[in-house]
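**Student:** Dropping in run-v2.cif, which is mmCIF, C-alpha atoms:
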```cif
data_coords
loop_
_atom_site.group_PDB
_atom_site.id
_atom_site.type_symbol
_atom_site.label_atom_id
_atom_site.label_comp_id
_atom_site.auth_asym_id
_atom_site.auth_seq_id
_atom_site.Cartn_x
_atom_site.Cartn_y
_atom_site.Cartn_z
ATOM 1 C CA MET A 1394 -8.724 3.735 10.889
ATOM 2 C CA LEU A 1395 -6.144 0.972 10.380
ATOM 3 C CA LEU A 1396 -2.414 1.516 9.829
ATOM 4 C CA ASN A 1397 -0.619 -0.319 7.015
ATOM 5 C CA CYS A 1398 3.098 -0.405 6.202
ATOM 6 C CA ASP A 1399 5.294 -1.899 3.457
ATOM 7 C CA LEU A 1400 7.543 -4.525 5.075
ATOM 8 C CA GLY A 1401 9.671 -7.548 4.244
ATOM 9 C CA GLU A 1402 11.581 -5.684 1.529
ATOM 10 C CA SER A 1403 15.109 -6.695 2.544
ATOM 11 C CA TYR A 1404 16.923 -8.933 0.076
ATOM 12 C CA GLY A 1405 20.029 -11.015 0.678
ATOM 13 C CA SER A 1406 22.620 -8.875 2.478
ATOM 14 C CA TRP A 1407 20.691 -5.674 1.682
ATOM 15 C CA THR A 1408 18.511 -4.441 4.560
ATOM 16 C CA MET A 1409 15.468 -2.225 4.017
ATOM 17 C CA GLY A 1410 13.365 -0.724 6.788
ATOM 18 C CA LEU A 1411 13.082 -1.291 10.537
ATOM 19 C CA ASP A 1412 10.484 -4.039 10.391
ATOM 20 C CA ALA A 1413 10.884 -5.337 13.939
ATOM 21 C CA GLU A 1414 10.439 -1.826 15.376
ATOM 22 C CA VAL A 1415 7.431 -1.062 13.155
ATOM 23 C CA MET A 1416 5.432 -4.273 13.510
ATOM 24 C CA PRO A 1417 4.093 -3.721 17.076
ATOM 25 C CA HIS A 1418 2.450 -0.432 16.045
ATOM 26 C CA ILE A 1419 0.579 -1.342 12.844
ATOM 27 C CA ASP A 1420 -2.524 -3.325 11.856
ATOM 28 C CA GLN A 1421 -1.606 -4.475 8.343
ATOM 29 C CA ALA A 1422 1.757 -5.554 6.894
ATOM 30 C CA ASN A 1423 2.144 -5.290 3.120
ATOM 31 C CA ILE A 1424 4.792 -7.964 2.519
ATOM 32 C CA ALA A 1425 7.040 -7.917 -0.548
ATOM 33 C CA CYS A 1426 6.738 -11.027 -2.709
ATOM 34 C CA GLY A 1427 10.251 -11.191 -4.190
ATOM 35 C CA PHE A 1428 9.845 -9.176 -7.396
ATOM 36 C CA HIS A 1429 10.946 -5.773 -6.041
ATOM 37 C CA GLY A 1430 12.311 -6.849 -2.665
ATOM 38 C CA GLY A 1431 12.019 -9.676 -0.200
ATOM 39 C CA ASP A 1432 13.493 -13.157 -0.327
ATOM 40 C CA PRO A 1433 12.146 -16.406 1.158
ATOM 41 C CA PHE A 1434 14.050 -15.992 4.433
ATOM 42 C CA THR A 1435 12.961 -12.367 4.850
ATOM 43 C CA ILE A 1436 9.357 -13.207 3.992
ATOM 44 C CA GLY A 1437 9.333 -16.019 6.549
ATOM 45 C CA ASN A 1438 10.756 -13.798 9.284
ATOM 46 C CA THR A 1439 8.296 -11.012 8.482
ATOM 47 C CA LEU A 1440 5.358 -13.400 8.646
ATOM 48 C CA ALA A 1441 6.589 -14.716 12.005
ATOM 49 C CA MET A 1442 6.732 -11.163 13.385
ATOM 50 C CA ALA A 1443 3.231 -10.458 12.084
ATOM 51 C CA ALA A 1444 1.934 -13.591 13.779
ATOM 52 C CA GLU A 1445 3.618 -12.615 17.052
ATOM 53 C CA HIS A 1446 1.973 -9.182 17.077
ATOM 54 C CA GLY A 1447 -1.417 -10.149 15.629
ATOM 55 C CA VAL A 1448 -0.914 -8.093 12.450
ATOM 56 C CA GLN A 1449 -2.930 -8.879 9.319
ATOM 57 C CA VAL A 1450 -0.753 -9.732 6.315
ATOM 58 C CA GLY A 1451 -1.226 -8.704 2.705
ATOM 59 C CA ALA A 1452 0.644 -9.487 -0.502
ATOM 60 C CA HIS A 1453 2.645 -6.583 -1.965
ATOM 61 C CA PRO A 1454 3.275 -7.595 -5.596
ATOM 62 C CA ALA A 1455 5.283 -5.491 -8.043
ATOM 63 C CA TYR A 1456 6.591 -5.348 -11.567
ATOM 64 C CA PRO A 1457 9.488 -7.839 -12.011
ATOM 65 C CA ASP A 1458 12.064 -5.132 -11.290
ATOM 66 C CA LEU A 1459 14.388 -6.175 -8.470
ATOM 67 C CA VAL A 1460 17.173 -3.862 -9.656
ATOM 68 C CA GLY A 1461 14.874 -0.832 -9.719
ATOM 69 C CA PHE A 1462 12.981 -1.759 -6.527
ATOM 70 C CA GLY A 1463 9.757 -1.900 -8.530
ATOM 71 C CA ARG A 1464 9.742 1.841 -9.103
ATOM 72 C CA ARG A 1465 9.910 1.696 -12.909
ATOM 73 C CA SER A 1466 6.916 1.122 -15.163
ATOM 74 C CA MET A 1467 7.203 -1.887 -17.451
ATOM 75 C CA ALA A 1468 5.426 -2.689 -20.711
ATOM 76 C CA LEU A 1469 3.744 -5.933 -19.642
ATOM 77 C CA SER A 1470 0.703 -7.273 -21.466
ATOM 78 C CA GLU A 1471 -2.530 -7.816 -19.566
ATOM 79 C CA ASP A 1472 -1.930 -11.572 -19.492
ATOM 80 C CA GLU A 1473 1.611 -11.029 -18.192
ATOM 81 C CA ILE A 1474 0.337 -8.781 -15.388
ATOM 82 C CA VAL A 1475 -2.278 -11.378 -14.446
ATOM 83 C CA ALA A 1476 0.301 -14.208 -14.377
ATOM 84 C CA SER A 1477 2.778 -12.058 -12.441
ATOM 85 C CA MET A 1478 0.151 -11.156 -9.851
ATOM 86 C CA HIS A 1479 -0.946 -14.778 -9.427
ATOM 87 C CA TYR A 1480 2.663 -15.964 -9.005
ATOM 88 C CA GLN A 1481 3.459 -13.418 -6.308
ATOM 89 C CA ILE A 1482 0.174 -13.664 -4.406
ATOM 90 C CA ALA A 1483 0.360 -17.463 -4.394
ATOM 91 C CA ALA A 1484 3.923 -17.408 -3.037
ATOM 92 C CA LEU A 1485 2.976 -15.096 -0.178
ATOM 93 C CA GLU A 1486 -0.274 -16.936 0.524
ATOM 94 C CA GLY A 1487 1.494 -20.298 0.686
ATOM 95 C CA MET A 1488 4.155 -19.040 3.081
ATOM 96 C CA ALA A 1489 1.496 -17.302 5.195
ATOM 97 C CA ARG A 1490 -0.495 -20.527 5.527
ATOM 98 C CA THR A 1491 2.674 -22.365 6.533
ATOM 99 C CA ALA A 1492 3.126 -19.758 9.274
ATOM 100 C CA GLY A 1493 -0.456 -20.275 10.455
ATOM 101 C CA LEU A 1494 -1.699 -17.017 8.928
ATOM 102 C CA VAL A 1495 -4.427 -16.219 6.423
ATOM 103 C CA LEU A 1496 -3.641 -13.741 3.652
ATOM 104 C CA GLY A 1497 -5.966 -10.780 4.104
ATOM 105 C CA TYR A 1498 -5.634 -8.541 1.039
ATOM 106 C CA VAL A 1499 -3.407 -7.431 -1.857
ATOM 107 C CA LYS A 1500 -1.730 -4.043 -2.310
ATOM 108 C CA PRO A 1501 0.397 -3.487 -5.446
ATOM 109 C CA HIS A 1502 3.772 -1.822 -4.986
ATOM 110 C CA GLY A 1503 5.524 1.164 -6.482
ATOM 111 C CA ALA A 1504 5.116 1.750 -10.205
ATOM 112 C CA LEU A 1505 2.515 -1.015 -10.484
ATOM 113 C CA TYR A 1506 0.395 0.794 -7.863
ATOM 114 C CA ASN A 1507 0.866 4.169 -9.558
ATOM 115 C CA ASP A 1508 0.025 2.723 -12.972
ATOM 116 C CA MET A 1509 -3.051 1.016 -11.507
ATOM 117 C CA MET A 1510 -4.320 4.377 -10.276
ATOM 118 C CA ALA A 1511 -3.501 6.299 -13.465
ATOM 119 C CA LYS A 1512 -4.194 3.793 -16.268
ATOM 120 C CA LYS A 1513 -7.478 1.936 -16.623
ATOM 121 C CA PRO A 1514 -5.966 -0.983 -18.645
ATOM 122 C CA ILE A 1515 -3.462 -1.675 -15.854
ATOM 123 C CA ARG A 1516 -6.202 -1.431 -13.225
ATOM 124 C CA ARG A 1517 -8.375 -3.767 -15.297
ATOM 125 C CA ALA A 1518 -5.540 -6.304 -15.514
ATOM 126 C CA ILE A 1519 -4.939 -6.179 -11.756
ATOM 127 C CA MET A 1520 -8.637 -6.516 -10.974
ATOM 128 C CA ARG A 1521 -8.900 -9.397 -13.437
ATOM 129 C CA ALA A 1522 -5.992 -11.115 -11.687
ATOM 130 C CA MET A 1523 -7.762 -10.699 -8.365
ATOM 131 C CA ALA A 1524 -11.070 -11.982 -9.754
ATOM 132 C CA GLU A 1525 -9.436 -15.053 -11.330
ATOM 133 C CA TYR A 1526 -7.422 -15.993 -8.247
ATOM 134 C CA HIS A 1527 -8.660 -19.137 -6.486
ATOM 135 C CA CYS A 1528 -10.009 -17.132 -3.533
ATOM 136 C CA ARG A 1529 -11.338 -13.600 -3.427
ATOM 137 C CA LEU A 1530 -9.090 -11.116 -1.629
ATOM 138 C CA PRO A 1531 -9.704 -7.391 -1.131
ATOM 139 C CA LEU A 1532 -7.630 -5.037 -3.272
ATOM 140 C CA MET A 1533 -6.077 -2.006 -1.584
ATOM 141 C CA LEU A 1534 -5.851 1.178 -3.638
ATOM 142 C CA GLN A 1535 -5.693 4.917 -3.092
ATOM 143 C CA ALA A 1536 -8.765 6.800 -1.915
ATOM 144 C CA THR A 1537 -9.476 9.517 -4.495
ATOM 145 C CA PRO A 1538 -12.520 11.410 -5.799
ATOM 146 C CA ASP A 1539 -12.828 8.520 -8.307
ATOM 147 C CA ALA A 1540 -13.593 6.042 -5.516
ATOM 148 C CA GLN A 1541 -17.147 5.392 -6.681
ATOM 149 C CA LYS A 1542 -15.966 4.586 -10.198
ATOM 150 C CA HIS A 1543 -13.377 2.199 -8.786
ATOM 151 C CA ARG A 1544 -16.039 0.548 -6.608
ATOM 152 C CA GLU A 1545 -18.207 -0.012 -9.675
ATOM 153 C CA GLU A 1546 -15.293 -1.549 -11.591
ATOM 154 C CA ALA A 1547 -14.564 -3.863 -8.673
ATOM 155 C CA THR A 1548 -18.204 -4.775 -8.020
ATOM 156 C CA SER A 1549 -18.628 -5.881 -11.635
ATOM 157 C CA LEU A 1550 -15.954 -8.526 -10.921
ATOM 158 C CA GLY A 1551 -17.152 -9.412 -7.423
ATOM 159 C CA LEU A 1552 -14.195 -7.720 -5.711
ATOM 160 C CA GLN A 1553 -13.966 -5.818 -2.440
ATOM 161 C CA LEU A 1554 -11.810 -2.693 -2.198
ATOM 162 C CA LEU A 1555 -9.859 -1.197 0.688
ATOM 163 C CA PHE A 1556 -9.217 2.532 0.291
ATOM 164 C CA GLU A 1557 -6.056 4.006 1.728
ATOM 165 C CA ALA A 1558 -4.712 7.468 2.431
ATOM 166 C CA PHE A 1559 -1.104 8.506 3.021
ATOM 167 C CA ALA A 1560 0.002 10.090 6.269
ATOM 168 C CA ASP A 1561 3.099 11.905 5.065
ATOM 169 C CA ARG A 1562 2.244 12.904 1.485
ATOM 170 C CA CYS A 1563 0.746 16.150 0.213
ATOM 171 C CA TYR A 1564 -2.301 15.857 -2.044
ATOM 172 C CA ASP A 1565 -2.861 17.611 -5.358
ATOM 173 C CA ASP A 1566 -6.248 19.182 -6.068
ATOM 174 C CA ASP A 1567 -7.348 16.141 -8.135
ATOM 175 C CA GLY A 1568 -6.873 13.831 -5.165
ATOM 176 C CA ARG A 1569 -3.628 12.315 -6.433
ATOM 177 C CA LEU A 1570 -0.416 12.478 -4.465
ATOM 178 C CA LEU A 1571 1.681 15.534 -5.254
ATOM 179 C CA SER A 1572 4.665 14.524 -7.376
ATOM 180 C CA ARG A 1573 7.847 14.064 -5.369
ATOM 181 C CA ARG A 1574 9.485 16.364 -7.913
ATOM 182 C CA ARG A 1575 7.464 19.297 -6.523
ATOM 183 C CA PRO A 1576 8.321 21.183 -3.328
ATOM 184 C CA GLY A 1577 6.336 20.077 -0.281
ATOM 185 C CA ALA A 1578 5.428 16.671 -1.678
ATOM 186 C CA VAL A 1579 6.459 15.003 1.592
ATOM 187 C CA HIS A 1580 5.124 16.552 4.784
ATOM 188 C CA SER A 1581 7.149 17.571 7.790
ATOM 189 C CA ARG A 1582 6.357 15.759 11.035
ATOM 190 C CA GLU A 1583 4.040 18.568 12.144
ATOM 191 C CA LYS A 1584 2.114 18.677 8.867
ATOM 192 C CA MET A 1585 1.887 14.890 8.765
ATOM 193 C CA LEU A 1586 0.327 14.709 12.240
ATOM 194 C CA ALA A 1587 -2.034 17.567 11.358
ATOM 195 C CA GLN A 1588 -3.133 15.739 8.208
ATOM 196 C CA VAL A 1589 -3.795 12.533 10.156
ATOM 197 C CA ALA A 1590 -5.781 14.447 12.783
ATOM 198 C CA GLN A 1591 -7.863 16.072 10.043
ATOM 199 C CA LEU A 1592 -8.517 12.721 8.358
ATOM 200 C CA VAL A 1593 -9.616 11.155 11.625
ATOM 201 C CA ALA A 1594 -11.822 14.068 12.674
ATOM 202 C CA GLU A 1595 -13.268 15.184 9.324
ATOM 203 C CA SER A 1596 -12.439 12.531 6.677
ATOM 204 C CA THR A 1597 -10.780 15.288 4.646
ATOM 205 C CA VAL A 1598 -7.305 16.407 3.613
ATOM 206 C CA THR A 1599 -6.145 19.890 2.667
ATOM 207 C CA THR A 1600 -4.650 19.947 -0.836
ATOM 208 C CA VAL A 1601 -1.562 21.790 -1.997
ATOM 209 C CA SER A 1602 -3.638 24.849 -2.936
ATOM 210 C CA GLY A 1603 -5.637 24.873 0.290
ATOM 211 C CA HIS A 1604 -8.831 23.082 -0.804
ATOM 212 C CA ARG A 1605 -10.478 20.550 1.500
ATOM 213 C CA LEU A 1606 -10.931 17.205 -0.209
ATOM 214 C CA ALA A 1607 -13.299 14.561 1.211
ATOM 215 C CA LEU A 1608 -11.899 11.020 1.260
ATOM 216 C CA SER A 1609 -13.473 7.768 2.423
ATOM 217 C CA VAL A 1610 -10.542 5.947 4.024
ATOM 218 C CA ASP A 1611 -10.253 2.433 5.464
ATOM 219 C CA THR A 1612 -6.528 2.370 6.161
ATOM 220 C CA LEU A 1613 -3.615 4.787 6.458
ATOM 221 C CA CYS A 1614 -0.212 4.080 4.881
ATOM 222 C CA VAL A 1615 2.791 4.831 7.104
ATOM 223 C CA HIS A 1616 6.514 4.321 6.565
ATOM 224 C CA GLY A 1617 9.160 2.991 8.933
ATOM 225 C CA ASP A 1618 12.372 3.257 6.941
ATOM 226 C CA ASN A 1619 14.293 5.054 9.719
ATOM 227 C CA PRO A 1620 14.063 5.772 13.479
ATOM 228 C CA GLU A 1621 12.217 9.045 12.831
ATOM 229 C CA GLY A 1622 9.617 7.166 10.798
ATOM 230 C CA VAL A 1623 9.107 4.601 13.550
ATOM 231 C CA GLN A 1624 8.600 7.386 16.092
ATOM 232 C CA ALA A 1625 6.099 9.032 13.739
ATOM 233 C CA ILE A 1626 4.131 5.763 13.548
ATOM 234 C CA ARG A 1627 3.963 5.663 17.348
ATOM 235 C CA GLU A 1628 2.634 9.235 17.389
ATOM 236 C CA ILE A 1629 0.084 8.496 14.672
ATOM 237 C CA ARG A 1630 -1.119 5.419 16.577
ATOM 238 C CA ALA A 1631 -1.517 7.478 19.758
ATOM 239 C CA LEU A 1632 -3.362 10.184 17.838
ATOM 240 C CA ILE A 1633 -5.821 7.712 16.287
ATOM 241 C CA GLN A 1634 -6.426 5.915 19.579
ATOM 242 C CA GLY A 1635 -7.091 9.258 21.289
ATOM 243 C CA ASN A 1636 -9.980 10.075 18.919
#
```
Once you've parsed the file, please lay out its structure as structure tokens.
**Tutor:**
Amino acid sequence: MLLNCDLGESYGSWTMGLDAEVMPHIDQANIACGFHGGDPFTIGNTLAMAAEHGVQVGAHPAYPDLVGFGRRSMALSEDEIVASMHYQIAALEGMARTAGLVLGYVKPHGALYNDMMAKKPIRRAIMRAMAEYHCRLPLMLQATPDAQKHREEATSLGLQLLFEAFADRCYDDDGRLLSRRRPGAVHSREKMLAQVAQLVAESTVTTVSGHRLALSVDTLCVHGDNPEGVQAIREIRALIQGN
């Protein structure tokens, strides 16, 4: 199981995350493309760190919402979503090629990711953007009980999917992430490590009500926003390597 992390989200004098500390411990870096975070200098530095540590890079496009860090849904038309995706992916791909790297996949950010999972028209627009891009890149999205339906949607457009799970988030019974507004939405360190161990050993997670939910997972999302998060990534890496 691979580890992926959202990186390159600093902007100007505003610093987000501990990218240099995280990079040695992950397999995939989801790099902000400038619409929710990230600027050309930050993107270039993040790509250089990925190259140094042999980390695969992916584009992390968002709604055009720099003020809201991409966490607010926006009423974009399908054509606007397609154009926005192409603009961001192309920027990241061009900078990656300049750094001697090949862009490996695309993972939407924040509200765009959540809307993709919850709303078929948004998912259709994102998949259309991927299918119309000049080269075919895998699309990363959440592993849920609807995975087969999502595979069929992607296959009809000739797309490959990467399914991800979340190390530190509690799951609802429908396979979605438990809303952050509800108690227990974010796991403690102990529960997070237990969830990762269960995913690795059984390909299941235990939902908020105690049900075991089977998930087919390619990659695990981790977060390194603070020193505790970086230490957790180290522990998750050790746990995965020990199985």
**Student:** Once the PyMOL selection byres ((chain A and resi 1471) around 8) has been evaluated on this model, what residues remain selected, and can you format them as a list in words?
**Tutor:** Leu1469, Ser1470, Asp1472, Glu1473, Ile1474, Val1475, Pro1514, Ile1515 and Ala1518 of chain A
**Student:** Let me make sure I understand: among A:Arg1490, A:His1446, A:His1429, A:Lys1584, which one has the smallest atom-to-atom distance to A:Gly1461 if we use only C-alpha atoms?
**Tutor:** A:His1429
**Student:** Between atom CA of A:Ala1452 and atom CA of A:His1502, measure the distance and give it in Å to one decimal.
**Tutor:**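 Distance reported for this atom pair: 9.4 Å.
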**Student:** Counting all atoms listed in the file, figure out which residue out of A:Met1520, A:Asp1611, A:Ala1590, A:Leu1550 gets nearest to A:Gln1535.
**Tutor:** A:Asp1611
**Student:** With only C-alpha atoms as the basis for distance, which of A:Ile1626, A:Leu1530, A:Ile1519, A:Ala1455 is at the shortest distance from A:Leu1613?
**Tutor:**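 Of all the options, A:Ile1626 lies closest to A:Leu1613.
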